[in-house]
Structures are given as C-alpha cells and as structure tokens.
file coords05.pdb (PDB, C-alpha atoms and all ligand atoms)
ATOM      1  CA  MET B   1       0.000   0.000   0.000
ATOM      2  CA  ALA B   2       1.300   3.430  -0.846
ATOM      3  CA  GLN B   3       2.553   5.432   2.120
ATOM      4  CA  SER B   4       0.263   8.338   2.903
ATOM      5  CA  GLU B   5       1.645  11.855   3.061
ATOM      6  CA  LYS B   6       0.968  11.844   6.816
ATOM      7  CA  GLU B   7       2.885   8.582   7.289
ATOM      8  CA  ALA B   8       5.737   9.969   5.203
ATOM      9  CA  ALA B   9       5.772  13.099   7.350
ATOM     10  CA  LEU B  10       5.812  11.148  10.605
ATOM     11  CA  ALA B  11       8.658   8.976   9.295
ATOM     12  CA  ALA B  12      10.672  11.957   8.118
ATOM     13  CA  ILE B  13      11.316  13.885  11.319
ATOM     14  CA  PRO B  14      14.988  14.792  10.833
ATOM     15  CA  VAL B  15      17.633  13.372  13.117
ATOM     16  CA  ASP B  16      20.295  15.538  11.500
ATOM     17  CA  GLY B  17      19.077  18.895  10.250
ATOM     18  CA  ASP B  18      22.049  19.149   7.890
ATOM     19  CA  ALA B  19      21.400  15.859   6.136
ATOM     20  CA  PRO B  20      20.790  16.137   2.386
ATOM     21  CA  THR B  21      17.286  15.465   1.085
ATOM     22  CA  ILE B  22      15.790  14.201  -2.146
ATOM     23  CA  PHE B  23      15.555  17.842  -3.250
ATOM     24  CA  ASP B  24      19.377  18.092  -3.420
ATOM     25  CA  LYS B  25      19.269  15.365  -6.064
ATOM     26  CA  ILE B  26      16.584  17.262  -7.955
ATOM     27  CA  ILE B  27      18.601  20.501  -7.778
ATOM     28  CA  ASN B  28      21.721  18.667  -9.005
ATOM     29  CA  LYS B  29      19.667  16.937 -11.747
ATOM     30  CA  GLU B  30      20.723  13.556 -10.370
ATOM     31  CA  ILE B  31      17.098  12.440 -10.478
ATOM     32  CA  PRO B  32      14.558  13.620 -13.034
ATOM     33  CA  SER B  33      11.866  16.168 -12.319
ATOM     34  CA  THR B  34       9.644  18.332 -14.436
ATOM     35  CA  ILE B  35      11.090  21.781 -13.941
ATOM     36  CA  VAL B  36       8.717  24.657 -14.680
ATOM     37  CA  TYR B  37      10.892  27.569 -13.501
ATOM     38  CA  GLU B  38      14.558  28.074 -12.693
ATOM     39  CA  ASP B  39      16.790  31.022 -11.878
ATOM     40  CA  ASP B  40      20.083  31.337 -10.008
ATOM     41  CA  LYS B  41      18.418  31.055  -6.582
ATOM     42  CA  VAL B  42      15.131  29.193  -7.014
ATOM     43  CA  LEU B  43      13.877  26.012  -8.661
ATOM     44  CA  ALA B  44      10.235  25.074  -9.244
ATOM     45  CA  PHE B  45       9.132  21.613 -10.360
ATOM     46  CA  ARG B  46       6.004  19.467 -10.445
ATOM     47  CA  ASP B  47       5.187  17.466  -7.312
ATOM     48  CA  ILE B  48       5.522  13.720  -7.873
ATOM     49  CA  SER B  49       2.237  13.164  -6.017
ATOM     50  CA  PRO B  50      -0.010  16.017  -7.147
ATOM     51  CA  GLN B  51      -2.882  17.070  -4.897
ATOM     52  CA  GLY B  52      -4.629  18.925  -7.721
ATOM     53  CA  PRO B  53      -4.459  19.283 -11.516
ATOM     54  CA  THR B  54      -1.506  21.626 -10.899
ATOM     55  CA  HIS B  55       0.899  21.037  -8.004
ATOM     56  CA  ILE B  56       4.295  22.693  -8.037
ATOM     57  CA  LEU B  57       7.043  22.904  -5.422
ATOM     58  CA  VAL B  58       9.149  26.056  -5.199
ATOM     59  CA  ILE B  59      12.470  25.628  -3.391
ATOM     60  CA  PRO B  60      15.687  27.551  -2.755
ATOM     61  CA  LYS B  61      18.688  26.045  -4.552
ATOM     62  CA  VAL B  62      20.794  26.627  -1.440
ATOM     63  CA  ARG B  63      19.099  25.497   1.767
ATOM     64  CA  ASP B  64      21.338  27.498   4.127
ATOM     65  CA  GLY B  65      19.799  25.967   7.261
ATOM     66  CA  LEU B  66      16.237  26.496   6.058
ATOM     67  CA  THR B  67      15.071  22.950   6.638
ATOM     68  CA  GLY B  68      11.670  24.437   7.362
ATOM     69  CA  LEU B  69       9.978  27.776   7.969
ATOM     70  CA  SER B  70      10.441  27.396  11.728
ATOM     71  CA  LYS B  71      14.207  27.614  11.167
ATOM     72  CA  ALA B  72      13.981  30.997   9.414
ATOM     73  CA  GLU B  73      16.365  33.717  10.532
ATOM     74  CA  GLU B  74      16.766  37.347   9.520
ATOM     75  CA  ARG B  75      19.245  36.419   6.774
ATOM     76  CA  HIS B  76      16.538  34.344   5.062
ATOM     77  CA  VAL B  77      14.130  37.229   4.520
ATOM     78  CA  GLU B  78      15.196  37.802   0.908
ATOM     79  CA  ILE B  79      14.963  34.167  -0.169
ATOM     80  CA  LEU B  80      11.623  33.742   1.635
ATOM     81  CA  GLY B  81      10.224  36.684  -0.289
ATOM     82  CA  ARG B  82      11.652  35.335  -3.525
ATOM     83  CA  LEU B  83      10.033  31.925  -2.987
ATOM     84  CA  LEU B  84       6.630  33.576  -2.660
ATOM     85  CA  TYR B  85       7.233  35.804  -5.671
ATOM     86  CA  VAL B  86       8.215  32.788  -7.776
ATOM     87  CA  ALA B  87       5.088  31.005  -6.503
ATOM     88  CA  LYS B  88       3.092  33.855  -8.015
ATOM     89  CA  LEU B  89       5.068  33.744 -11.295
ATOM     90  CA  VAL B  90       4.543  30.008 -11.605
ATOM     91  CA  ALA B  91       0.816  30.292 -10.846
ATOM     92  CA  LYS B  92       0.537  32.871 -13.627
ATOM     93  CA  GLN B  93       2.548  30.685 -15.993
ATOM     94  CA  GLU B  94       0.235  27.764 -15.186
ATOM     95  CA  LYS B  95      -2.784  30.002 -15.901
ATOM     96  CA  LEU B  96      -4.265  29.555 -12.425
ATOM     97  CA  ASP B  97      -6.217  32.742 -12.983
ATOM     98  CA  ASP B  98      -9.168  31.665 -10.807
ATOM     99  CA  GLY B  99      -6.945  31.275  -7.762
ATOM    100  CA  TYR B 100      -4.749  28.714  -6.080
ATOM    101  CA  ARG B 101      -3.487  27.521  -2.709
ATOM    102  CA  VAL B 102       0.017  28.302  -1.381
ATOM    103  CA  VAL B 103       1.179  26.052   1.460
ATOM    104  CA  ILE B 104       4.301  25.645   3.581
ATOM    105  CA  ASN B 105       4.100  22.579   5.807
ATOM    106  CA  ASP B 106       6.291  22.807   8.890
ATOM    107  CA  GLY B 107       7.402  19.972  11.145
ATOM    108  CA  LYS B 108       5.527  16.911  12.308
ATOM    109  CA  ASN B 109       2.162  18.523  12.995
ATOM    110  CA  GLY B 110       2.376  20.453   9.729
ATOM    111  CA  CYS B 111       2.895  17.153   7.845
ATOM    112  CA  GLN B 112       6.310  18.143   6.497
ATOM    113  CA  SER B 113       8.063  15.176   4.897
ATOM    114  CA  VAL B 114      11.062  16.788   3.162
ATOM    115  CA  TYR B 115      13.332  18.931   5.316
ATOM    116  CA  HIS B 116      14.370  21.482   2.688
ATOM    117  CA  ILE B 117      11.939  24.381   2.790
ATOM    118  CA  HIS B 118       9.431  24.363  -0.050
ATOM    119  CA  VAL B 119       6.332  26.261  -1.074
ATOM    120  CA  HIS B 120       3.485  24.187  -2.523
ATOM    121  CA  VAL B 121       1.439  25.864  -5.260
ATOM    122  CA  ILE B 122      -1.732  23.862  -5.829
ATOM    123  CA  GLY B 123      -4.493  24.788  -8.245
ATOM    124  CA  GLY B 124      -6.818  23.797 -11.030
ATOM    125  CA  ARG B 125      -9.647  22.784  -8.722
ATOM    126  CA  GLN B 126     -11.805  24.308  -5.979
ATOM    127  CA  MET B 127     -10.003  24.164  -2.625
ATOM    128  CA  ASN B 128     -11.733  23.544   0.697
ATOM    129  CA  TRP B 129     -11.346  25.210   4.079
ATOM    130  CA  PRO B 130     -10.367  24.239   6.717
ATOM    131  CA  PRO B 131      -7.538  22.108   5.313
ATOM    132  CA  GLY B 132      -7.164  18.563   6.644
TER     133      GLY B 132
HETATM  134  P1  LIG J 201       5.899  18.193   2.430
HETATM  135  O1  LIG J 201       5.018  17.068   2.846
HETATM  136  O2  LIG J 201       7.286  18.070   3.041
HETATM  137  O3  LIG J 201       5.299  19.543   2.635
HETATM  138  O4  LIG J 201       6.053  18.079   0.863
HETATM  139  C1  LIG J 201       7.010  17.298   0.219
HETATM  140  C2  LIG J 201       6.512  17.063  -1.176
HETATM  141  O5  LIG J 201       7.580  16.537  -1.950
HETATM  142  C3  LIG J 201       5.371  16.047  -1.252
HETATM  143  O6  LIG J 201       4.222  16.682  -1.785
HETATM  144  C4  LIG J 201       5.921  14.956  -2.158
HETATM  145  O7  LIG J 201       4.949  14.431  -3.037
HETATM  146  C5  LIG J 201       7.045  15.653  -2.895
HETATM  147  N1  LIG J 201       8.117  14.787  -3.316
HETATM  148  C6  LIG J 201       8.766  13.878  -2.532
HETATM  149  N2  LIG J 201       9.722  13.263  -3.245
HETATM  150  C7  LIG J 201       9.676  13.788  -4.503
HETATM  151  C8  LIG J 201      10.432  13.539  -5.689
HETATM  152  O8  LIG J 201      11.340  12.705  -5.746
HETATM  153  N3  LIG J 201      10.115  14.295  -6.782
HETATM  154  C9  LIG J 201       9.122  15.239  -6.754
HETATM  155  N4  LIG J 201       8.906  15.917  -7.889
HETATM  156  N5  LIG J 201       8.397  15.491  -5.644
HETATM  157  C10 LIG J 201       8.670  14.782  -4.537
END

call {"tool": "encode", "arguments": {"input": "coords05.pdb", "output": "structure tokens"}}
result
Amino acid sequence: MAQSEKEAALAAIPVDGDAPTIFDKIINKEIPSTIVYEDDKVLAFRDISPQGPTHILVIPKVRDGLTGLSKAEERHVEILGRLLYVAKLVAKQEKLDDGYRVVINDGKNGCQSVYHIHVHVIGGRQMNWPPG
C-alpha cells in the first residue's frame, strides 16, 4: 500500500538537520523532475504526487539551514520573499487565474516530509477550508 503523506511526514522527522534530502538530487539533476521555472536562486518543479491538476514545489537552490519555515532567521528574509514571488510567477505561468493555494508545511504537525523548505502551489480545482 502506498505510504500516505501523513505517514511519510511522521517517518521523516529529521535526526540531523544538515542531512541532504531528495531535493538536493533534484537541484543537481541527479534524479529527473519536471522543472517549470529556474533562476540562479530558485527552482520550481512538479510534485511527484499532485494534490490537484496543478501542483508545483518552489524551493531555494541553497538550503542554508532552512530545513523548514520554523528555522527561518533574519538572513533568510530575501529568499523567503523570492520563494513567494516565484510562486506567483509560476501560478501565472500555469494560468491559475481563478486562484490557487500556497502552502508551507512545517514539522511533524504540519505534515512536512522533506526537510528542505518548499512552497506548494496547488491549483486547477476548488479548494476547501479548513484544510485537513
Ligand atoms: P511536504 O510534505 O514536506 O510539505 O512536501 C514534500 C513534497 O515533496 C510532497 O508533496 C511529495 O509528493 C514531494 N516529493 C517527494 N519526493 C519527490 C520527488 O522525488 N520528486 C518530486 N517531484 N516530488 C517529490
């Protein structure tokens, strides 16, 4: 049976915050991904397990301690802003003109499964509130 996102998140609580993640391999093009946006600081690619017709992950190319939002420090302000701006660019590129959901999962209770900060951009269907 496929592992649920919640099970993956519970299994992924990091022992070593500096350990590389699957996203390093995506950044280094060691494993394939469908890249939809790239610049010198940010990469955006399609989620392997999409939660909507469009589901894109926006990540910094250099993690710099940002395993998750809860680890943010003053020096991360610029990259955090850039991640959100690229989320907007990608949503426009994907023609999500009727709206979309932007999510950052943090830690165990937030259902984070990959400890390299990432912004989910999900769209192409009506979202619900509250989220699960
Ligand atoms: P989180 O649960 O940490 O907020 O989100 C991690 C996301 O990474 C999940 O939505 C998961 O589907 C996605 N993901 C995990 N491994 C891979 C992979 O190898 N390739 C891609 N494209 N997405 C991945």

call {"tool": "residues_near_ligand", "arguments": {"input": "coords05.pdb", "ligand": "ligand LIG 201 (chain J)", "cutoff": "8 Å", "atoms": "all atoms listed in the file", "output": "mmCIF file with C-alpha atoms, in the coordinates of the input"}}
result
data_model
loop_
_atom_site.group_PDB
_atom_site.id
_atom_site.type_symbol
_atom_site.label_atom_id
_atom_site.label_comp_id
_atom_site.auth_asym_id
_atom_site.auth_seq_id
_atom_site.Cartn_x
_atom_site.Cartn_y
_atom_site.Cartn_z
ATOM 1 C CA GLU B 5 1.645 11.855 3.061
ATOM 2 C CA LYS B 6 0.968 11.844 6.816
ATOM 3 C CA ALA B 8 5.737 9.969 5.203
ATOM 4 C CA ALA B 9 5.772 13.099 7.350
ATOM 5 C CA ILE B 22 15.790 14.201 -2.146
ATOM 6 C CA PHE B 23 15.555 17.842 -3.250
ATOM 7 C CA ILE B 26 16.584 17.262 -7.955
ATOM 8 C CA ILE B 31 17.098 12.440 -10.478
ATOM 9 C CA PRO B 32 14.558 13.620 -13.034
ATOM 10 C CA SER B 33 11.866 16.168 -12.319
ATOM 11 C CA THR B 34 9.644 18.332 -14.436
ATOM 12 C CA PHE B 45 9.132 21.613 -10.360
ATOM 13 C CA ARG B 46 6.004 19.467 -10.445
ATOM 14 C CA ASP B 47 5.187 17.466 -7.312
ATOM 15 C CA ILE B 48 5.522 13.720 -7.873
ATOM 16 C CA SER B 49 2.237 13.164 -6.017
ATOM 17 C CA PRO B 50 -0.010 16.017 -7.147
ATOM 18 C CA GLN B 51 -2.882 17.070 -4.897
ATOM 19 C CA LEU B 57 7.043 22.904 -5.422
ATOM 20 C CA VAL B 103 1.179 26.052 1.460
ATOM 21 C CA ILE B 104 4.301 25.645 3.581
ATOM 22 C CA ASN B 105 4.100 22.579 5.807
ATOM 23 C CA ASP B 106 6.291 22.807 8.890
ATOM 24 C CA GLY B 110 2.376 20.453 9.729
ATOM 25 C CA CYS B 111 2.895 17.153 7.845
ATOM 26 C CA GLN B 112 6.310 18.143 6.497
ATOM 27 C CA SER B 113 8.063 15.176 4.897
ATOM 28 C CA VAL B 114 11.062 16.788 3.162
ATOM 29 C CA TYR B 115 13.332 18.931 5.316
ATOM 30 C CA HIS B 116 14.370 21.482 2.688
ATOM 31 C CA ILE B 117 11.939 24.381 2.790
ATOM 32 C CA HIS B 118 9.431 24.363 -0.050
ATOM 33 C CA VAL B 119 6.332 26.261 -1.074
ATOM 34 C CA HIS B 120 3.485 24.187 -2.523
#

call {"tool": "closest_residue", "arguments": {"input": "coords05.pdb", "among": "B:Val121, B:Ile35, B:Ala19, B:Ala91", "to": "Thr67 (chain B)", "atoms": "all atoms listed in the file"}}
result
B:Ala19

call {"tool": "residues_near_point", "arguments": {"input": "coords05.pdb", "point": "(-14.4, 23.9, -13.7)", "cutoff": "12 Å", "atoms": "only C-alpha atoms", "output": "MDAnalysis selection string"}}
result
chainID B and resid 53 96 98 123:127

call {"tool": "atom_distance", "arguments": {"input": "coords05.pdb", "atom1": "CA of Leu69 (chain B)", "atom2": "CA of Ser4 (chain B)"}}
result
22.3 Å

call {"tool": "residues_around", "arguments": {"input": "coords05.pdb", "residues": "region 72-80 of chain B", "least_positions_apart": "4", "cutoff": "12 Å", "atoms": "only C-alpha atoms", "output": "list in words"}}
result
Asp40, Lys41, Val42, Leu43, Val58, Ile59, Pro60, Lys61, Val62, Arg63, Asp64, Gly65, Leu66, Thr67, Gly68, Leu84, Tyr85, Val86, Ala87, Ile104, Asp106, His116, Ile117, His118 and Val119 of chain B

call {"tool": "atom_distance", "arguments": {"input": "coords05.pdb", "atom1": "CA of Val90 (chain B)", "atom2": "CA of Asp39 (chain B)"}}
result
12.3 Å

call {"tool": "resolve_selection", "arguments": {"input": "coords05.pdb", "expression": "the PyMOL selection byres (((chain B and resi 13) around 8) and not hetatm)", "output": "list in words"}}
result
Ala9, Leu10, Ala11, Ala12, Pro14, Val15, Gly107, Lys108 and Ser113 of chain B

call {"tool": "atom_distance", "arguments": {"input": "coords05.pdb", "atom1": "CA of Ile122 (chain B)", "atom2": "CA of Val102 (chain B)"}}
result
6.5 Å

call {"tool": "axis_aligned_box", "arguments": {"input": "coords05.pdb", "around": "region 10-21 of chain B", "padding_each_side": "8 Å", "output": "lines of an AutoDock Vina configuration file"}}
result
center_x = 13.9
center_y = 14.1
center_z = 7.1
size_x = 32.2
size_y = 26.2
size_z = 28.0
